[in-house]
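> mmCIF, C-alpha atoms and all ligand atoms, saved as entry36.cif, coming up:
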```
data_coords
#
loop_
_atom_site.group_PDB
_atom_site.id
_atom_site.type_symbol
_atom_site.label_atom_id
_atom_site.label_comp_id
_atom_site.auth_asym_id
_atom_site.auth_seq_id
_atom_site.Cartn_x
_atom_site.Cartn_y
_atom_site.Cartn_z
ATOM 1 C CA MET W 394 11.212 -2.301 13.581
ATOM 2 C CA GLU W 395 13.044 -0.493 10.789
ATOM 3 C CA ILE W 396 13.235 3.290 11.076
ATOM 4 C CA VAL W 397 14.153 5.187 7.922
ATOM 5 C CA ILE W 398 14.920 8.896 8.246
ATOM 6 C CA VAL W 399 14.374 10.440 4.837
ATOM 7 C CA HIS W 400 15.636 13.733 3.401
ATOM 8 C CA ASP W 401 12.174 14.751 2.328
ATOM 9 C CA ILE W 402 8.794 13.132 2.511
ATOM 10 C CA ALA W 403 8.662 12.459 -1.247
ATOM 11 C CA GLU W 404 11.546 10.030 -0.650
ATOM 12 C CA ALA W 405 9.372 8.240 1.923
ATOM 13 C CA GLY W 406 6.598 8.064 -0.671
ATOM 14 C CA SER W 407 8.988 6.499 -3.141
ATOM 15 C CA ILE W 408 10.329 3.911 -0.641
ATOM 16 C CA ALA W 409 6.793 2.817 0.254
ATOM 17 C CA GLY W 410 5.656 3.043 -3.388
ATOM 18 C CA ALA W 411 8.486 0.687 -4.388
ATOM 19 C CA ALA W 412 7.374 -1.770 -1.681
ATOM 20 C CA ILE W 413 3.806 -1.639 -3.008
ATOM 21 C CA GLU W 414 5.070 -2.177 -6.558
ATOM 22 C CA ARG W 415 7.120 -5.216 -5.449
ATOM 23 C CA LEU W 416 4.140 -6.659 -3.596
ATOM 24 C CA VAL W 417 1.635 -6.170 -6.401
ATOM 25 C CA THR W 418 4.047 -7.398 -9.076
ATOM 26 C CA ALA W 419 4.552 -10.620 -7.097
ATOM 27 C CA ASN W 420 0.849 -10.889 -6.225
ATOM 28 C CA PRO W 421 -1.538 -8.853 -8.418
ATOM 29 C CA THR W 422 -4.464 -9.652 -6.074
ATOM 30 C CA ALA W 423 -2.664 -8.380 -2.975
ATOM 31 C CA VAL W 424 -4.668 -6.725 -0.206
ATOM 32 C CA LEU W 425 -3.741 -3.180 0.841
ATOM 33 C CA GLY W 426 -4.792 -1.366 4.006
ATOM 34 C CA LEU W 427 -5.142 2.361 3.439
ATOM 35 C CA ALA W 428 -4.890 5.195 5.942
ATOM 36 C CA THR W 429 -6.423 8.564 5.162
ATOM 37 C CA GLY W 430 -5.273 12.014 6.300
ATOM 38 C CA SER W 431 -2.329 14.017 4.968
ATOM 39 C CA SER W 432 0.594 11.761 5.889
ATOM 40 C CA PRO W 433 0.137 8.956 3.319
ATOM 41 C CA LEU W 434 -0.429 11.294 0.352
ATOM 42 C CA PRO W 435 3.227 11.089 -0.841
ATOM 43 C CA ILE W 436 2.839 7.279 -0.962
ATOM 44 C CA TYR W 437 -0.394 7.463 -2.935
ATOM 45 C CA ASP W 438 1.093 10.070 -5.299
ATOM 46 C CA ASP W 439 4.107 7.836 -5.875
ATOM 47 C CA VAL W 440 1.938 4.800 -6.691
ATOM 48 C CA ILE W 441 -0.215 6.929 -9.031
ATOM 49 C CA GLN W 442 2.988 7.879 -10.887
ATOM 50 C CA ARG W 443 4.077 4.234 -11.042
ATOM 51 C CA CYS W 444 0.690 3.349 -12.519
ATOM 52 C CA GLN W 445 1.145 6.040 -15.178
ATOM 53 C CA THR W 446 4.352 4.277 -16.212
ATOM 54 C CA GLY W 447 3.070 0.709 -16.322
ATOM 55 C CA LEU W 448 2.229 -0.633 -12.865
ATOM 56 C CA ARG W 449 -1.218 -2.303 -12.813
ATOM 57 C CA VAL W 450 -3.102 -2.437 -9.497
ATOM 58 C CA GLU W 451 -6.658 -3.043 -10.742
ATOM 59 C CA ALA W 452 -6.822 -6.510 -9.159
ATOM 60 C CA VAL W 453 -5.851 -5.240 -5.715
ATOM 61 C CA THR W 454 -8.389 -5.244 -2.871
ATOM 62 C CA ALA W 455 -8.246 -2.298 -0.461
ATOM 63 C CA PHE W 456 -9.548 -1.709 3.057
ATOM 64 C CA THR W 457 -9.662 1.671 4.754
ATOM 65 C CA LEU W 458 -8.560 1.842 8.374
ATOM 66 C CA ASP W 459 -11.449 3.840 9.658
ATOM 67 C CA GLU W 460 -14.492 5.985 8.907
ATOM 68 C CA TYR W 461 -16.338 8.864 10.524
ATOM 69 C CA LEU W 462 -19.796 8.165 11.876
ATOM 70 C CA GLY W 463 -22.580 10.599 11.169
ATOM 71 C CA LEU W 464 -21.459 12.001 7.823
ATOM 72 C CA PRO W 465 -23.930 11.530 4.979
ATOM 73 C CA VAL W 466 -22.956 8.883 2.390
ATOM 74 C CA GLY W 467 -20.759 10.539 -0.234
ATOM 75 C CA HIS W 468 -19.733 13.453 2.032
ATOM 76 C CA PRO W 469 -16.437 14.720 0.533
ATOM 77 C CA GLU W 470 -14.617 14.294 3.860
ATOM 78 C CA SER W 471 -15.878 10.784 4.541
ATOM 79 C CA TYR W 472 -12.846 8.560 4.442
ATOM 80 C CA ARG W 473 -14.330 6.510 1.632
ATOM 81 C CA SER W 474 -14.747 9.626 -0.528
ATOM 82 C CA PHE W 475 -11.271 10.829 0.434
ATOM 83 C CA ILE W 476 -9.460 7.606 -0.422
ATOM 84 C CA LYS W 477 -11.380 7.250 -3.696
ATOM 85 C CA ARG W 478 -10.376 10.790 -4.670
ATOM 86 C CA VAL W 479 -6.697 10.618 -3.720
ATOM 87 C CA PHE W 480 -5.867 7.009 -4.539
ATOM 88 C CA THR W 481 -8.228 4.245 -5.633
ATOM 89 C CA GLU W 482 -9.898 6.081 -8.536
ATOM 90 C CA PRO W 483 -6.629 7.498 -9.977
ATOM 91 C CA VAL W 484 -5.020 4.030 -9.908
ATOM 92 C CA GLY W 485 -8.079 2.189 -11.212
ATOM 93 C CA ILE W 486 -9.155 0.148 -8.173
ATOM 94 C CA ALA W 487 -12.874 -0.431 -8.715
ATOM 95 C CA ASP W 488 -15.424 0.671 -6.143
ATOM 96 C CA GLU W 489 -16.387 -2.939 -5.368
ATOM 97 C CA ASN W 490 -12.759 -3.720 -4.460
ATOM 98 C CA LEU W 491 -12.630 -0.851 -1.978
ATOM 99 C CA HIS W 492 -13.940 -1.780 1.464
ATOM 100 C CA SER W 493 -14.674 0.722 4.189
ATOM 101 C CA PRO W 494 -16.812 0.522 7.303
ATOM 102 C CA ALA W 495 -20.250 1.624 6.069
ATOM 103 C CA VAL W 496 -23.097 2.016 8.500
ATOM 104 C CA ASN W 497 -26.252 0.246 7.398
ATOM 105 C CA ASP W 498 -29.549 -0.728 8.952
ATOM 106 C CA GLU W 499 -27.901 -3.478 10.954
ATOM 107 C CA GLY W 500 -26.228 -0.866 13.135
ATOM 108 C CA VAL W 501 -22.690 -0.212 14.186
ATOM 109 C CA GLU W 502 -21.884 -3.398 16.095
ATOM 110 C CA ALA W 503 -22.948 -5.664 13.232
ATOM 111 C CA LEU W 504 -21.010 -3.438 10.840
ATOM 112 C CA CYS W 505 -17.821 -3.796 12.905
ATOM 113 C CA GLU W 506 -18.145 -7.573 13.067
ATOM 114 C CA SER W 507 -18.845 -7.704 9.338
ATOM 115 C CA TYR W 508 -15.768 -5.553 8.573
ATOM 116 C CA GLU W 509 -13.551 -7.990 10.476
ATOM 117 C CA ARG W 510 -15.086 -10.885 8.479
ATOM 118 C CA GLN W 511 -14.515 -9.037 5.177
ATOM 119 C CA ILE W 512 -10.817 -8.612 5.994
ATOM 120 C CA GLU W 513 -10.587 -12.279 6.961
ATOM 121 C CA ALA W 514 -12.407 -13.396 3.796
ATOM 122 C CA ALA W 515 -9.945 -11.398 1.685
ATOM 123 C CA GLY W 516 -7.114 -13.404 3.265
ATOM 124 C CA GLY W 517 -5.955 -10.614 5.589
ATOM 125 C CA ILE W 518 -4.090 -7.424 4.748
ATOM 126 C CA ASP W 519 -0.691 -7.823 3.097
ATOM 127 C CA LEU W 520 0.517 -4.256 3.531
ATOM 128 C CA GLN W 521 -1.051 -1.672 5.812
ATOM 129 C CA ILE W 522 -0.237 2.027 5.430
ATOM 130 C CA LEU W 523 -0.459 3.977 8.695
ATOM 131 C CA GLY W 524 -0.207 7.591 9.770
ATOM 132 C CA ILE W 525 0.116 8.584 13.421
ATOM 133 C CA GLY W 526 -1.891 11.098 15.411
ATOM 134 C CA SER W 527 -0.124 13.790 17.413
ATOM 135 C CA ASP W 528 -1.421 11.900 20.484
ATOM 136 C CA GLY W 529 0.069 8.605 19.249
ATOM 137 C CA HIS W 530 -3.119 7.103 17.805
ATOM 138 C CA ILE W 531 -3.132 4.659 14.888
ATOM 139 C CA GLY W 532 -6.333 4.258 12.932
ATOM 140 C CA PHE W 533 -8.594 6.048 15.357
ATOM 141 C CA ASN W 534 -7.433 4.057 18.348
ATOM 142 C CA GLU W 535 -7.027 6.880 20.806
ATOM 143 C CA PRO W 536 -4.835 6.665 23.940
ATOM 144 C CA SER W 537 -6.144 4.035 26.396
ATOM 145 C CA SER W 538 -7.407 1.822 23.541
ATOM 146 C CA SER W 539 -6.980 -1.851 24.268
ATOM 147 C CA LEU W 540 -3.877 -3.203 22.581
ATOM 148 C CA GLY W 541 -5.935 -6.249 21.553
ATOM 149 C CA SER W 542 -8.916 -4.256 20.266
ATOM 150 C CA ARG W 543 -10.881 -5.177 17.142
ATOM 151 C CA THR W 544 -12.951 -3.013 14.777
ATOM 152 C CA ARG W 545 -15.369 -0.970 16.884
ATOM 153 C CA ILE W 546 -16.845 2.451 17.539
ATOM 154 C CA LYS W 547 -14.546 5.015 19.207
ATOM 155 C CA THR W 548 -14.962 8.559 20.459
ATOM 156 C CA LEU W 549 -12.339 11.001 19.176
ATOM 157 C CA VAL W 550 -10.345 13.032 21.673
ATOM 158 C CA THR W 551 -10.563 16.807 21.265
ATOM 159 C CA GLU W 552 -6.913 17.036 20.092
ATOM 160 C CA THR W 553 -7.692 14.736 17.148
ATOM 161 C CA ARG W 554 -10.845 16.646 16.253
ATOM 162 C CA GLN W 555 -8.849 19.895 16.401
ATOM 163 C CA ASP W 556 -6.125 18.360 14.192
ATOM 164 C CA ASN W 557 -8.774 17.283 11.658
ATOM 165 C CA ALA W 558 -10.819 20.502 11.694
ATOM 166 C CA ARG W 559 -8.653 21.671 8.752
ATOM 167 C CA PHE W 560 -10.598 19.240 6.557
ATOM 168 C CA PHE W 561 -13.889 20.812 7.700
ATOM 169 C CA GLY W 562 -13.148 24.463 6.961
ATOM 170 C CA GLY W 563 -11.491 24.870 10.365
ATOM 171 C CA ASN W 564 -14.837 24.373 12.104
ATOM 172 C CA LEU W 565 -14.444 22.006 15.072
ATOM 173 C CA ASP W 566 -18.217 21.607 15.376
ATOM 174 C CA GLN W 567 -18.315 20.013 11.925
ATOM 175 C CA VAL W 568 -15.821 17.260 12.864
ATOM 176 C CA PRO W 569 -17.702 14.104 13.891
ATOM 177 C CA THR W 570 -17.215 12.946 17.465
ATOM 178 C CA HIS W 571 -17.468 9.233 16.663
ATOM 179 C CA VAL W 572 -15.724 6.897 14.265
ATOM 180 C CA VAL W 573 -15.452 3.228 13.398
ATOM 181 C CA THR W 574 -11.857 2.046 13.348
ATOM 182 C CA GLN W 575 -9.960 -1.162 12.886
ATOM 183 C CA GLY W 576 -8.690 -2.136 16.320
ATOM 184 C CA ILE W 577 -5.046 -2.335 17.300
ATOM 185 C CA GLY W 578 -5.332 -6.132 17.286
ATOM 186 C CA THR W 579 -6.796 -5.953 13.772
ATOM 187 C CA ILE W 580 -3.987 -3.697 12.536
ATOM 188 C CA LEU W 581 -1.308 -5.947 14.031
ATOM 189 C CA GLU W 582 -2.566 -8.852 11.901
ATOM 190 C CA ALA W 583 -1.519 -7.152 8.656
ATOM 191 C CA ARG W 584 1.628 -8.800 7.310
ATOM 192 C CA HIS W 585 3.660 -5.610 6.801
ATOM 193 C CA LEU W 586 3.017 -2.241 8.431
ATOM 194 C CA ILE W 587 4.407 0.968 6.940
ATOM 195 C CA MET W 588 3.997 4.063 9.087
ATOM 196 C CA ILE W 589 4.742 7.490 7.611
ATOM 197 C CA ALA W 590 5.073 10.773 9.514
ATOM 198 C CA ALA W 591 6.313 14.243 8.657
ATOM 199 C CA GLY W 592 7.006 17.376 10.652
ATOM 200 C CA GLU W 593 7.894 18.293 14.211
ATOM 201 C CA SER W 594 4.262 18.093 15.311
ATOM 202 C CA LYS W 595 4.639 14.300 15.065
ATOM 203 C CA ALA W 596 8.077 14.083 16.771
ATOM 204 C CA ARG W 597 6.823 13.392 20.295
ATOM 205 C CA ALA W 598 4.400 10.691 19.125
ATOM 206 C CA ILE W 599 7.033 9.013 16.934
ATOM 207 C CA ALA W 600 9.620 8.963 19.731
ATOM 208 C CA ALA W 601 7.079 7.517 22.177
ATOM 209 C CA ALA W 602 5.895 4.906 19.655
ATOM 210 C CA VAL W 603 9.361 3.757 18.575
ATOM 211 C CA GLU W 604 11.504 4.196 21.689
ATOM 212 C CA GLY W 605 9.027 4.505 24.551
ATOM 213 C CA PRO W 606 7.470 1.739 26.611
ATOM 214 C CA LEU W 607 4.683 -0.389 25.159
ATOM 215 C CA SER W 608 1.582 1.324 26.456
ATOM 216 C CA ALA W 609 -2.097 1.727 25.690
ATOM 217 C CA MET W 610 -1.461 5.443 26.296
ATOM 218 C CA VAL W 611 0.559 5.452 23.048
ATOM 219 C CA PRO W 612 -1.414 3.149 20.748
ATOM 220 C CA ALA W 613 1.302 3.264 18.062
ATOM 221 C CA SER W 614 3.757 1.686 20.529
ATOM 222 C CA ALA W 615 1.875 -1.580 19.817
ATOM 223 C CA LEU W 616 3.862 -1.686 16.556
ATOM 224 C CA GLN W 617 6.794 -2.834 18.703
ATOM 225 C CA LEU W 618 5.021 -6.204 18.917
ATOM 226 C CA HIS W 619 4.876 -6.687 15.132
ATOM 227 C CA PRO W 620 7.586 -8.630 13.272
ATOM 228 C CA HIS W 621 7.614 -6.450 10.135
ATOM 229 C CA VAL W 622 7.250 -2.695 10.607
ATOM 230 C CA THR W 623 8.801 0.115 8.580
ATOM 231 C CA VAL W 624 8.646 3.650 9.985
ATOM 232 C CA LEU W 625 9.350 6.390 7.432
ATOM 233 C CA VAL W 626 10.015 9.795 8.997
ATOM 234 C CA ASP W 627 11.423 13.111 7.841
ATOM 235 C CA GLU W 628 13.941 15.042 9.955
ATOM 236 C CA GLY W 629 11.170 16.935 11.759
ATOM 237 C CA ALA W 630 9.274 13.825 12.810
ATOM 238 C CA ALA W 631 12.605 12.148 13.719
ATOM 239 C CA SER W 632 13.816 15.095 15.806
ATOM 240 C CA GLN W 633 13.122 13.475 19.205
ATOM 241 C CA LEU W 634 14.511 10.022 18.394
ATOM 242 C CA LYS W 635 17.430 9.171 20.693
ATOM 243 C CA LEU W 636 18.925 6.610 18.307
ATOM 244 C CA ALA W 637 18.540 8.713 15.147
ATOM 245 C CA ASP W 638 22.215 8.307 14.189
ATOM 246 C CA TYR W 639 21.959 4.546 14.534
ATOM 247 C CA TYR W 640 18.860 4.458 12.297
ATOM 248 C CA ARG W 641 20.646 6.622 9.704
ATOM 249 C CA SER W 642 23.741 4.429 9.593
ATOM 250 C CA THR W 643 21.671 1.233 9.551
ATOM 251 C CA TYR W 644 19.760 2.380 6.490
ATOM 252 C CA ALA W 645 22.885 3.772 4.784
ATOM 253 C CA THR W 646 24.665 0.425 5.134
ATOM 254 C CA LYS W 647 21.685 -1.785 4.375
ATOM 255 C CA PRO W 648 22.561 -4.637 2.013
ATOM 256 C CA ASP W 649 21.335 -4.012 -1.560
ATOM 257 C CA TRP W 650 19.373 -7.267 -1.627
ATOM 258 C CA GLN W 651 17.337 -6.334 1.457
ATOM 259 C CA SER W 652 14.100 -4.469 0.830
ATOM 260 C CA ILE W 653 12.023 -2.777 3.520
HETATM 261 C C1 LIG N 701 -6.704 8.066 9.241
HETATM 262 C C2 LIG N 701 -5.932 7.516 10.349
HETATM 263 C C3 LIG N 701 -5.292 8.411 11.351
HETATM 264 C C4 LIG N 701 -4.305 9.376 10.731
HETATM 265 C C5 LIG N 701 -3.721 10.294 11.788
HETATM 266 C C6 LIG N 701 -2.744 11.286 11.207
HETATM 267 O O1 LIG N 701 -7.193 7.029 8.432
HETATM 268 O O2 LIG N 701 -5.827 6.346 10.441
HETATM 269 O O3 LIG N 701 -4.629 7.617 12.308
HETATM 270 O O4 LIG N 701 -3.287 8.651 10.106
HETATM 271 O O5 LIG N 701 -4.758 10.971 12.427
HETATM 272 O O6 LIG N 701 -3.415 12.138 10.332
HETATM 273 P P1 LIG N 701 -2.602 13.091 9.346
HETATM 274 O O7 LIG N 701 -1.853 12.201 8.449
HETATM 275 O O8 LIG N 701 -3.644 13.874 8.635
HETATM 276 O O9 LIG N 701 -1.713 13.910 10.216
#
```
As structure tokens, what does this structure read like?
Ligand code: F6R

Amino acid sequence: MEIVIVHDIAEAGSIAGAAIERLVTANPTAVLGLATGSSPLPIYDDVIQRCQTGLRVEAVTAFTLDEYLGLPVGHPESYRSFIKRVFTEPVGIADENLHSPAVNDEGVEALCESYERQIEAAGGIDLQILGIGSDGHIGFNEPSSSLGSRTRIKTLVTETRQDNARFFGGNLDQVPTHVVTQGIGTILEARHLIMIAAGESKARAIAAAVEGPLSAMVPASALQLHPHVTVLVDEGAASQLKLADYYRSTYATKPDWQSI
């Protein structure tokens, strides 16, 4: 696992944006996994800027990590609407190349199975962007999620609903209780995972994920099992890392030829 402590979160956006540019330049039909929420916005903004100066990502296929259940289609806070607004539309990824778990008449279980098959049919995810919940969740795999879990329905814990109430006018009652999320096992199959976190409110979760024991109680600790993980954190999110100085010196002395 590579931990990069950045001066400000725009730098994290630029490091991840450069990795996306390298990937898509080498493989224009690459498959991206997209997290929603506030954390990845600097990455999406950076890629939007790169596209304004020549990068082409129209042939990319994208999969969202998760989706609320119970919001009407097209609700502005559905994760499909969100990711279209902040990333796929500005960079020119067509609607048909954006996949998200969408409930249909077949019901939730068939939808989850079908989402797994869609990812498989696309050849798997090359690069997955991740945020982290203040309780250590990735996707919407809340604490106690099976480390081998696949796409399925989950119930949000109150802390997560409180964290996300800001997107629903601060009204907790408006935040759905249920979601469909890629499982931890699904996420671990992506070829490169980039996690981004900013601010002290994420420090405890980051320290537990990176330096704590592997545990279903900290779903993000499952990243320790993956061969290619990059964790981008600002000073606030890094503030509880015991080996922070080691991570700083490792990145400062990284060979020029070695990308993240
Ligand atoms: C959303 C997702 C979640 C968020 C996490 C952090 O697609 O996968 O795991 O990344 O809840 O949210 P923010 O970034 O808003 O703090």
> Can you spell out as a ChimeraX atom specification the set of residues that the PyMOL selection byres (((chain W and resi 457) around 7) and not hetatm) selects in the structure I just provided?
/W:426-428,455-456,458-459,492-493
> Find the residues near W:Asp528: any atom within 8 Å, counting all atoms listed in the file, skip ones fewer than 6 places away on the same chain, and give them as a list in words.
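In the requested format, the answer is Glu535, Pro536, Glu552, Thr553, Ala598 and Val611 of chain W.
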> Leaving out W:Glu513 and any residue of its chain fewer than 5 positions from it, which residues lie within 12 Å of it when counting all atoms listed in the file, given as number ranges by chain?
W: 424, 456, 506-508, 518-519, 579, 582-583
> Where does the PyMOL selection byres (((chain W and resi 414) around 12) and not hetatm) land in this file, that is, which residues does it pick, as a PyMOL selection string?
chain W and resi 406-413+415-421+423+425+436-437+439-444+446-450+453+520+652
> Please determine, counting only C-alpha atoms and all ligand atoms, which residue among W:Val397, W:Ala609, W:Ala503, W:Val572 has the shortest atom-to-atom distance to ligand LIG 701 (chain N).
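The shortest atom-to-atom distance to ligand LIG 701 (chain N) comes from W:Val572.
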> Check every protein, DNA and RNA residue against ligand LIG 701 (chain N), keep those with an atom at most 6 Å away (counting only C-alpha atoms and all ligand atoms), and present them as a PyMOL selection string.
chain W and resi 428-432+458-459+523-526+530-533
> Given the choices W:Leu462, W:Pro469, W:Lys647, W:Gln521, which gets closest to W:Thr548 if the distance is worked out from all atoms listed in the file?
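Smallest distance to W:Thr548 is found for W:Leu462.
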> Under the rule that all atoms listed in the file are counted, which of W:Ala403, W:Val622, W:Val501, W:Ala601 is the nearest residue to W:Ile580?
W:Val622
> Compare W:Gly605, W:Gly563, W:Gly592, W:Gly541 by their minimum atom-to-atom distance to W:Ile577, counting all atoms listed in the file, and give me the closest one.
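Counting all atoms listed in the file, the residue closest to W:Ile577 is W:Gly541.
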> W:Asn534: which residues within 8 Å, counting only C-alpha atoms, same-chain residues fewer than 4 positions away excluded, as a list in words?
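Everything that qualifies: His530, Ser538, Lys547, Thr574, Gln575, Gly576, Ile577 and Pro612 of chain W.
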> Measure the distance from atom CA of W:Ile587 to atom CA of W:Pro606 in Å and round it to one decimal.
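Interatomic distance, atom CA of W:Ile587 to atom CA of W:Pro606: 19.9 Å.
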> Applying the PyMOL selection byres (((chain W and resi 398) around 8) and not hetatm) to the file I just gave you, which residues come out? Please list them as a list of chain:residue names.
W:Ile396, W:Val397, W:Val399, W:His400, W:Leu625, W:Val626, W:Asp627, W:Glu628, W:Ala631, W:Ala637, W:Tyr640, W:Arg641
> Any chance you could export the current selection's C-alpha atoms as a PDB file, in the coordinates of the input?

```pdb
ATOM      1  CA  ILE W 396      13.235   3.290  11.076  1.00  0.00           C
ATOM      2  CA  VAL W 397      14.153   5.187   7.922  1.00  0.00           C
ATOM      3  CA  VAL W 399      14.374  10.440   4.837  1.00  0.00           C
ATOM      4  CA  HIS W 400      15.636  13.733   3.401  1.00  0.00           C
ATOM      5  CA  LEU W 625       9.350   6.390   7.432  1.00  0.00           C
ATOM      6  CA  VAL W 626      10.015   9.795   8.997  1.00  0.00           C
ATOM      7  CA  ASP W 627      11.423  13.111   7.841  1.00  0.00           C
ATOM      8  CA  GLU W 628      13.941  15.042   9.955  1.00  0.00           C
ATOM      9  CA  ALA W 631      12.605  12.148  13.719  1.00  0.00           C
ATOM     10  CA  ALA W 637      18.540   8.713  15.147  1.00  0.00           C
ATOM     11  CA  TYR W 640      18.860   4.458  12.297  1.00  0.00           C
ATOM     12  CA  ARG W 641      20.646   6.622   9.704  1.00  0.00           C
TER      13      ARG W 641
END
```
> Given only C-alpha atoms as the basis, pick out the residue of W:Arg597, W:His571, W:Arg543, W:Lys477 nearest to W:Leu491.
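Under the stated criterion, the closest residue is W:Lys477.
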> Under the rule that all atoms listed in the file are counted, which of W:Asp438, W:Asp556, W:Glu482, W:Glu395 is the nearest residue to W:Thr643?
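Of W:Asp438, W:Asp556, W:Glu482, W:Glu395, the one nearest W:Thr643 is W:Glu395, counting all atoms listed in the file.
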> Enter the distance from atom CA of W:Pro620 to atom CA of W:Met394, in Å, rounded to one decimal.
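Going from atom CA of W:Pro620 over to atom CA of W:Met394 covers 7.3 Å.
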> Please, what distance in Å, to one decimal, runs between atom CA of W:Gln633 and atom CA of W:Ala613?
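Result for atom CA of W:Gln633 versus atom CA of W:Ala613: 15.7 Å, one decimal.
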> Counting all atoms listed in the file, find the residues whose atoms lie at most 8 Å from (-13.2, 16.8, 15.9) (file coordinates) and write them out as a list in words.
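These residues have at least one counted atom within 8 Å: Leu549, Val550, Thr551, Glu552, Thr553, Arg554, Gln555, Asp556, Asn557, Ala558, Leu565, Asp566, Gln567, Val568, Pro569 and Thr570 of chain W.
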> Please return stretch 470-476 of chain W, rebuilt to all heavy atoms, as an mmCIF file, in the coordinates of the input.

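File out-v3.cif, as written:
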```
data_model
loop_
_atom_site.group_PDB
_atom_site.id
_atom_site.type_symbol
_atom_site.label_atom_id
_atom_site.label_comp_id
_atom_site.auth_asym_id
_atom_site.auth_seq_id
_atom_site.Cartn_x
_atom_site.Cartn_y
_atom_site.Cartn_z
ATOM 1 N N GLU W 470 -15.631 14.593 2.844
ATOM 2 C CA GLU W 470 -14.617 14.294 3.860
ATOM 3 C C GLU W 470 -14.824 12.945 4.525
ATOM 4 O O GLU W 470 -14.124 12.609 5.485
ATOM 5 C CB GLU W 470 -14.538 15.408 4.906
ATOM 6 C CG GLU W 470 -14.026 16.721 4.339
ATOM 7 C CD GLU W 470 -12.743 16.590 3.512
ATOM 8 O OE1 GLU W 470 -11.922 15.713 3.812
ATOM 9 O OE2 GLU W 470 -12.591 17.360 2.533
ATOM 10 N N SER W 471 -15.824 12.162 4.041
ATOM 11 C CA SER W 471 -15.878 10.784 4.541
ATOM 12 C C SER W 471 -14.605 10.120 4.043
ATOM 13 O O SER W 471 -14.046 10.500 3.007
ATOM 14 C CB SER W 471 -17.114 10.056 4.011
ATOM 15 O OG SER W 471 -16.876 9.593 2.691
ATOM 16 N N TYR W 472 -14.125 9.159 4.813
ATOM 17 C CA TYR W 472 -12.846 8.560 4.442
ATOM 18 C C TYR W 472 -12.957 7.730 3.163
ATOM 19 O O TYR W 472 -11.980 7.581 2.431
ATOM 20 C CB TYR W 472 -12.277 7.763 5.617
ATOM 21 C CG TYR W 472 -11.601 8.684 6.613
ATOM 22 C CD1 TYR W 472 -11.065 8.188 7.792
ATOM 23 C CD2 TYR W 472 -11.478 10.047 6.367
ATOM 24 C CE1 TYR W 472 -10.425 9.042 8.690
ATOM 25 C CE2 TYR W 472 -10.846 10.893 7.253
ATOM 26 C CZ TYR W 472 -10.319 10.388 8.414
ATOM 27 O OH TYR W 472 -9.677 11.226 9.301
ATOM 28 N N ARG W 473 -14.155 7.229 2.899
ATOM 29 C CA ARG W 473 -14.330 6.510 1.632
ATOM 30 C C ARG W 473 -14.187 7.477 0.451
ATOM 31 O O ARG W 473 -13.475 7.203 -0.508
ATOM 32 C CB ARG W 473 -15.697 5.808 1.601
ATOM 33 C CG ARG W 473 -15.846 4.918 0.392
ATOM 34 C CD ARG W 473 -17.143 4.137 0.338
ATOM 35 N NE ARG W 473 -17.129 3.320 -0.861
ATOM 36 C CZ ARG W 473 -16.613 2.108 -0.940
ATOM 37 N NH1 ARG W 473 -16.092 1.533 0.125
ATOM 38 N NH2 ARG W 473 -16.612 1.444 -2.081
ATOM 39 N N SER W 474 -14.852 8.634 0.557
ATOM 40 C CA SER W 474 -14.747 9.626 -0.528
ATOM 41 C C SER W 474 -13.304 10.075 -0.688
ATOM 42 O O SER W 474 -12.783 10.218 -1.799
ATOM 43 C CB SER W 474 -15.596 10.869 -0.232
ATOM 44 O OG SER W 474 -16.929 10.531 -0.069
ATOM 45 N N PHE W 475 -12.649 10.321 0.457
ATOM 46 C CA PHE W 475 -11.271 10.829 0.434
ATOM 47 C C PHE W 475 -10.341 9.851 -0.276
ATOM 48 O O PHE W 475 -9.591 10.224 -1.192
ATOM 49 C CB PHE W 475 -10.817 11.064 1.889
ATOM 50 C CG PHE W 475 -9.412 11.597 2.020
ATOM 51 C CD1 PHE W 475 -9.172 12.958 2.087
ATOM 52 C CD2 PHE W 475 -8.325 10.735 2.100
ATOM 53 C CE1 PHE W 475 -7.878 13.454 2.219
ATOM 54 C CE2 PHE W 475 -7.028 11.214 2.227
ATOM 55 C CZ PHE W 475 -6.811 12.577 2.289
ATOM 56 N N ILE W 476 -10.417 8.568 0.123
ATOM 57 C CA ILE W 476 -9.460 7.606 -0.422
ATOM 58 C C ILE W 476 -9.756 7.321 -1.899
ATOM 59 O O ILE W 476 -8.845 7.078 -2.697
ATOM 60 C CB ILE W 476 -9.418 6.311 0.439
ATOM 61 C CG1 ILE W 476 -8.054 5.649 0.349
ATOM 62 C CG2 ILE W 476 -10.499 5.324 0.075
ATOM 63 C CD1 ILE W 476 -6.951 6.352 1.056
#
```
